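**Q** Below you'll find my_file.cif; it's mmCIF, C-alpha atoms.
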data_protein
#
loop_
_atom_site.label_atom_id
_atom_site.label_comp_id
_atom_site.auth_asym_id
_atom_site.auth_seq_id
_atom_site.Cartn_x
_atom_site.Cartn_y
_atom_site.Cartn_z
CA MET K 1 56.29 -19.93 15.44
CA ARG K 2 56.59 -17.31 12.76
CA GLU K 3 54.60 -14.06 12.91
CA ILE K 4 53.11 -12.71 9.69
CA VAL K 5 53.09 -8.93 9.41
CA LEU K 6 50.60 -7.44 6.99
CA GLY K 7 50.97 -4.01 5.46
CA SER K 8 48.40 -1.34 6.23
CA GLY K 9 46.99 -1.56 2.67
CA VAL K 10 46.26 -5.27 3.07
CA LYS K 11 44.63 -4.66 6.47
CA ARG K 12 42.39 -1.94 5.00
CA ALA K 13 41.41 -4.17 2.08
CA ALA K 14 40.54 -7.03 4.44
CA LEU K 15 38.50 -4.72 6.68
CA LEU K 16 36.68 -3.29 3.66
CA ALA K 17 35.90 -6.81 2.40
CA LEU K 18 34.45 -7.72 5.80
CA LEU K 19 32.30 -4.59 5.89
CA VAL K 20 30.99 -5.17 2.36
CA ALA K 21 30.18 -8.79 3.16
CA ALA K 22 28.41 -7.81 6.37
CA GLY K 23 26.45 -5.06 4.60
CA GLY K 24 25.38 -7.47 1.86
CA ALA K 25 24.19 -9.97 4.46
CA LEU K 26 22.02 -7.32 6.12
CA THR K 27 20.38 -6.01 2.96
CA PRO K 28 17.67 -8.72 2.52
CA ALA K 29 16.71 -8.53 6.20
CA ALA K 30 16.50 -4.74 5.99
CA GLN K 31 13.97 -4.84 3.15
CA ALA K 32 10.39 -4.08 4.13
CA ALA K 33 7.78 -6.81 4.18
CA THR K 34 4.88 -6.38 1.79
CA GLY K 35 1.20 -6.62 2.72
CA SER K 36 -2.06 -6.21 0.91
CA VAL K 37 -5.69 -5.81 1.80
CA THR K 38 -8.80 -6.28 -0.32
CA ALA K 39 -11.98 -4.33 0.34
CA LYS K 40 -15.19 -5.82 -1.15
CA CYS K 41 -18.82 -4.80 -1.22
CA THR K 42 -22.05 -6.04 -2.78
CA GLU K 43 -25.38 -4.32 -3.30
CA GLY K 44 -27.89 -6.50 -5.17
CA ALA K 45 -26.32 -7.59 -8.47
CA PHE K 46 -23.62 -4.92 -8.17
CA SER K 47 -20.25 -5.66 -6.54
CA GLY K 48 -16.92 -3.92 -6.14
CA ARG K 49 -13.46 -5.08 -5.18
CA PHE K 50 -10.28 -3.05 -4.56
CA THR K 51 -6.83 -4.33 -3.52
CA LEU K 52 -4.23 -2.08 -1.92
CA THR K 53 -0.62 -3.27 -1.70
CA TYR K 54 1.85 -1.65 0.71
CA ASP K 55 5.25 -2.04 2.32
CA ILE K 56 5.28 -2.72 6.05
CA GLY K 57 8.09 -1.07 7.97
CA THR K 58 7.92 1.47 10.75
CA GLU K 59 4.92 2.77 8.75
CA TYR K 60 2.78 1.55 5.86
CA ARG K 61 4.03 2.85 2.51
CA LEU K 62 1.35 2.51 -0.17
CA ARG K 63 2.57 0.86 -3.39
CA LYS K 64 -0.35 -0.02 -5.66
CA GLY K 65 -4.12 0.24 -5.74
CA ARG K 66 -6.29 -1.63 -8.23
CA GLY K 67 -9.99 -2.41 -8.37
CA ALA K 68 -13.06 -3.17 -10.44
CA ALA K 69 -16.83 -3.10 -10.05
CA GLY K 70 -19.99 -3.70 -11.99
CA PRO K 71 -22.17 -4.19 -13.73
CA TYR K 72 -22.59 -0.66 -15.02
CA ILE K 73 -25.53 -1.12 -17.37
CA ALA K 74 -25.20 1.35 -20.28
CA ASP K 75 -23.10 3.53 -17.99
CA THR K 76 -19.59 3.95 -16.64
CA GLY K 77 -18.42 3.88 -13.08
CA ALA K 78 -16.00 5.41 -10.64
CA MET K 79 -13.91 4.37 -7.67
CA HIS K 80 -13.37 6.90 -4.90
CA VAL K 81 -10.51 5.68 -2.70
CA GLN K 82 -9.52 7.02 0.71
CA VAL K 83 -7.09 5.85 3.38
CA HIS K 84 -7.90 6.98 6.91
CA HIS K 85 -5.90 6.90 10.13
CA ARG K 86 -7.18 7.25 13.68
CA VAL K 87 -5.43 7.46 17.04
CA GLY K 88 -7.88 7.94 19.91
CA THR K 89 -10.46 10.45 18.70
CA ALA K 90 -8.16 12.15 16.17
CA GLN K 91 -8.94 10.96 12.63
CA THR K 92 -7.07 12.01 9.50
CA THR K 93 -7.66 11.20 5.84
CA LEU K 94 -4.17 10.66 4.44
CA PHE K 95 -5.01 9.71 0.88
CA THR K 96 -7.86 10.57 -1.51
CA ARG K 97 -7.99 9.64 -5.20
CA SER K 98 -10.66 8.81 -7.77
CA THR K 99 -10.71 6.93 -11.03
CA THR K 100 -13.66 7.48 -13.37
CA GLY K 101 -14.91 6.26 -16.74
CA LEU K 102 -14.59 2.56 -15.93
CA SER K 103 -16.80 0.15 -17.85
CA SER K 104 -18.32 -2.94 -16.26
CA ASP K 105 -15.74 -5.05 -14.46
CA GLU K 106 -12.88 -3.07 -16.05
CA ALA K 107 -9.93 -3.01 -13.66
CA GLY K 108 -8.70 0.45 -12.84
CA GLU K 109 -5.49 1.47 -11.14
CA VAL K 110 -5.33 4.29 -8.61
CA PRO K 111 -1.85 5.86 -8.24
CA VAL K 112 -0.89 5.89 -4.56
CA ASN K 113 2.51 7.61 -4.95
CA GLY K 114 4.21 6.07 -1.88
CA THR K 115 1.84 7.70 0.61
CA LYS K 116 2.99 6.95 4.16
CA VAL K 117 0.51 5.84 6.83
CA PRO K 118 1.46 5.49 10.52
CA ARG K 119 1.19 1.99 12.02
CA SER K 120 0.02 3.32 15.37
CA GLY K 121 -3.73 3.42 15.95
CA ARG K 122 -6.09 2.21 13.23
CA ALA K 123 -5.52 2.61 9.49
CA TRP K 124 -8.11 1.59 6.94
CA LEU K 125 -9.05 1.71 3.28
CA GLU K 126 -12.47 2.95 2.16
CA VAL K 127 -13.64 2.67 -1.46
CA ARG K 128 -16.93 4.04 -2.75
CA PHE K 129 -18.05 2.58 -6.07
CA ALA K 130 -20.52 4.73 -8.03
CA ASP K 131 -22.05 5.44 -11.41
CA ARG K 132 -23.87 8.51 -12.72
CA SER K 133 -26.90 7.72 -10.57
CA GLY K 134 -24.81 7.82 -7.40
CA GLU K 135 -23.11 5.51 -4.91
CA LYS K 136 -23.60 1.80 -5.45
CA CYS K 137 -21.68 0.32 -2.51
CA THR K 138 -18.86 1.12 -0.10
CA ALA K 139 -16.07 -1.29 0.83
CA GLU K 140 -13.76 -1.04 3.84
CA ALA K 141 -10.75 -3.02 5.07
CA ASP K 142 -8.10 -2.44 7.76
CA LEU K 143 -4.40 -2.20 6.93
CA ARG K 144 -2.40 -4.61 9.11
#
As structure tokens - that is how I would like this structure written.
**A**
Amino acid sequence: MREIVLGSGVKRAALLALLVAAGGALTPAAQAATGSVTAKCTEGAFSGRFTLTYDIGTEYRLRKGRGAAGPYIADTGAMHVQVHHRVGTAQTTLFTRSTTGLSSDEAGEVPVNGTKVPRSGRAWLEVRFADRSGEKCTAEADLR
């Protein structure tokens, strides 16, 4: 039987190729899963709906928030969005944003800027829909 002797350059190239292949195989599995939650509310003829999309990893990383409400009769509306987190009795509001000037059923986006929310305890979305006369309805939904 004949023994094949490889030079150190060939060995390094082979090892590098194996590492690159292994790293490429791990990349899709390492990507975070994506989740979303929709909070809805209704008060009489008025209704609101807001969907929050987020990455699920060791924490929730907020990606996109979009909602609409109405009808706003001869008026414009607003969405006041908050994300809360609670462990035991300690509650924290991690995210607060508002979008105003929305006409009836006009979808509005709320920038969430990659806010990170711990997965421990309870995390939830709260959206208050309002017009100039005040709050119309409040929607809540848990992140999971």
**Q** Would you work out the distance separating CA of Leu125 (chain K) from CA of Ala107 (chain K), expressed in Å to one decimal?
**A**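 Between CA of Leu125 (chain K) and CA of Ala107 (chain K) the gap is 17.6 Å.
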**Q** With all atoms listed in the file as the counted atoms, please give the residues lying no more than 6 Å from Gly77 (chain K), apart from itself and same-chain residues fewer than 6 positions off, as a ChimeraX atom specification.
**A** /K:100-102,130-131
**Q** Okay, now the selection with C-alpha atoms, as a compact mmCIF listing (two decimals), keeping the file's coordinate frame?
**A**
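Written file, selection_26.txt:
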# COMPACT_ATOMS: atom_id res chain seq x y z
CA THR K 100 -13.66 7.48 -13.37
CA GLY K 101 -14.91 6.26 -16.74
CA LEU K 102 -14.59 2.56 -15.93
CA ALA K 130 -20.52 4.73 -8.03
CA ASP K 131 -22.05 5.44 -11.41
**Q** Between CA of Phe50 (chain K) and CA of Ser120 (chain K), what is the distance, to one decimal in Å?
**A**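 Going from CA of Phe50 (chain K) over to CA of Ser120 (chain K) covers 23.3 Å.
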**Q** Given all atoms listed in the file as the basis, pick out the residue of K:Tyr54, K:Phe129, K:Trp124, K:Tyr72 nearest to Ala141 (chain K).
**A**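 Closest residue, counting all atoms listed in the file: K:Trp124.
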**Q** I need the residue nearest Thr53 (chain K) from this list: K:Thr96, K:Thr76, K:Thr89, K:Thr115. Use only C-alpha atoms for the distance.
**A** K:Thr115
**Q** Identify the residues around (-3.1, -5.6, -2.2) within a radius of 7 Å, measuring from only C-alpha atoms in the coordinates stated by the file, and give them as a ChimeraX atom specification.
**A** /K:35-38,51-54,65
**Q** Would you output that residue set with C-alpha atoms, as a PDB file, in the coordinates of the input?
**A**
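Writing the result to again23.pdb gives the following:
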ATOM      1  CA  GLY K  35       1.200  -6.620   2.720  1.00  0.00           C
ATOM      2  CA  SER K  36      -2.060  -6.210   0.910  1.00  0.00           C
ATOM      3  CA  VAL K  37      -5.690  -5.810   1.800  1.00  0.00           C
ATOM      4  CA  THR K  38      -8.800  -6.280  -0.320  1.00  0.00           C
ATOM      5  CA  THR K  51      -6.830  -4.330  -3.520  1.00  0.00           C
ATOM      6  CA  LEU K  52      -4.230  -2.080  -1.920  1.00  0.00           C
ATOM      7  CA  THR K  53      -0.620  -3.270  -1.700  1.00  0.00           C
ATOM      8  CA  TYR K  54       1.850  -1.650   0.710  1.00  0.00           C
ATOM      9  CA  GLY K  65      -4.120   0.240  -5.740  1.00  0.00           C
TER      10      GLY K  65
END
**Q** Please reconstruct the missing atoms of region 42-53 of chain K (target: all heavy atoms) and return them as a CSV table (one decimal), in the coordinates of the input.
**A**
chain,number,residue,atom,x,y,z
K,42,THR,N,-21.0,-5.6,-1.9
K,42,THR,CA,-22.0,-6.0,-2.8
K,42,THR,C,-23.4,-5.3,-2.4
K,42,THR,O,-23.7,-5.2,-1.3
K,42,THR,CB,-22.2,-7.6,-2.6
K,42,THR,OG1,-21.0,-8.2,-2.9
K,42,THR,CG2,-23.3,-8.1,-3.6
K,43,GLU,N,-24.1,-4.9,-3.5
K,43,GLU,CA,-25.4,-4.3,-3.3
K,43,GLU,C,-26.2,-4.9,-4.4
K,43,GLU,O,-26.1,-4.4,-5.6
K,43,GLU,CB,-25.3,-2.8,-3.4
K,43,GLU,CG,-26.6,-2.1,-3.1
K,43,GLU,CD,-27.2,-2.3,-1.7
K,43,GLU,OE1,-26.4,-2.3,-0.8
K,43,GLU,OE2,-28.4,-2.5,-1.6
K,44,GLY,N,-27.1,-5.8,-4.1
K,44,GLY,CA,-27.9,-6.5,-5.2
K,44,GLY,C,-27.0,-7.2,-6.1
K,44,GLY,O,-26.1,-8.0,-5.7
K,45,ALA,N,-27.1,-7.0,-7.4
K,45,ALA,CA,-26.3,-7.6,-8.5
K,45,ALA,C,-25.0,-6.9,-8.7
K,45,ALA,O,-24.1,-7.4,-9.3
K,45,ALA,CB,-27.1,-7.6,-9.8
K,46,PHE,N,-24.8,-5.7,-8.0
K,46,PHE,CA,-23.6,-4.9,-8.2
K,46,PHE,C,-22.6,-5.3,-7.1
K,46,PHE,O,-22.9,-5.6,-6.0
K,46,PHE,CB,-24.0,-3.4,-8.0
K,46,PHE,CG,-22.8,-2.5,-8.2
K,46,PHE,CD1,-22.5,-2.1,-9.5
K,46,PHE,CD2,-22.0,-2.1,-7.2
K,46,PHE,CE1,-21.4,-1.3,-9.7
K,46,PHE,CE2,-20.9,-1.3,-7.4
K,46,PHE,CZ,-20.6,-0.9,-8.7
K,47,SER,N,-21.3,-5.4,-7.5
K,47,SER,CA,-20.2,-5.7,-6.5
K,47,SER,C,-19.0,-4.9,-6.9
K,47,SER,O,-18.8,-4.6,-8.1
K,47,SER,CB,-20.0,-7.2,-6.5
K,47,SER,OG,-19.4,-7.6,-7.7
K,48,GLY,N,-18.2,-4.6,-5.9
K,48,GLY,CA,-16.9,-3.9,-6.1
K,48,GLY,C,-15.8,-4.6,-5.3
K,48,GLY,O,-16.1,-5.2,-4.3
K,49,ARG,N,-14.6,-4.5,-5.8
K,49,ARG,CA,-13.5,-5.1,-5.2
K,49,ARG,C,-12.2,-4.2,-5.5
K,49,ARG,O,-12.0,-3.8,-6.6
K,49,ARG,CB,-13.2,-6.5,-5.8
K,49,ARG,CG,-12.0,-7.2,-5.3
K,49,ARG,CD,-11.9,-8.5,-6.0
K,49,ARG,NE,-10.9,-9.3,-5.5
K,49,ARG,CZ,-11.0,-10.3,-4.7
K,49,ARG,NH1,-12.2,-10.7,-4.3
K,49,ARG,NH2,-9.9,-11.0,-4.3
K,50,PHE,N,-11.5,-3.9,-4.4
K,50,PHE,CA,-10.3,-3.0,-4.6
K,50,PHE,C,-9.2,-3.6,-3.7
K,50,PHE,O,-9.4,-3.9,-2.5
K,50,PHE,CB,-10.6,-1.6,-4.1
K,50,PHE,CG,-9.5,-0.7,-4.4
K,50,PHE,CD1,-9.4,0.0,-5.6
K,50,PHE,CD2,-8.5,-0.4,-3.5
K,50,PHE,CE1,-8.4,0.9,-5.9
K,50,PHE,CE2,-7.5,0.5,-3.7
K,50,PHE,CZ,-7.4,1.1,-5.0
K,51,THR,N,-8.0,-3.8,-4.3
K,51,THR,CA,-6.8,-4.3,-3.5
K,51,THR,C,-5.8,-3.3,-3.4
K,51,THR,O,-5.4,-2.7,-4.4
K,51,THR,CB,-6.3,-5.6,-4.2
K,51,THR,OG1,-7.3,-6.6,-4.3
K,51,THR,CG2,-5.1,-6.1,-3.4
K,52,LEU,N,-5.3,-3.0,-2.2
K,52,LEU,CA,-4.2,-2.1,-1.9
K,52,LEU,C,-3.0,-2.9,-1.4
K,52,LEU,O,-3.1,-3.7,-0.5
K,52,LEU,CB,-4.7,-1.1,-0.8
K,52,LEU,CG,-3.7,0.0,-0.4
K,52,LEU,CD1,-3.4,0.9,-1.6
K,52,LEU,CD2,-4.2,0.7,0.8
K,53,THR,N,-1.9,-2.6,-2.1
K,53,THR,CA,-0.6,-3.3,-1.7
K,53,THR,C,0.3,-2.2,-1.1
K,53,THR,O,0.3,-1.1,-1.5
K,53,THR,CB,0.1,-3.9,-2.9
K,53,THR,OG1,-0.8,-4.7,-3.6
K,53,THR,CG2,1.3,-4.6,-2.6
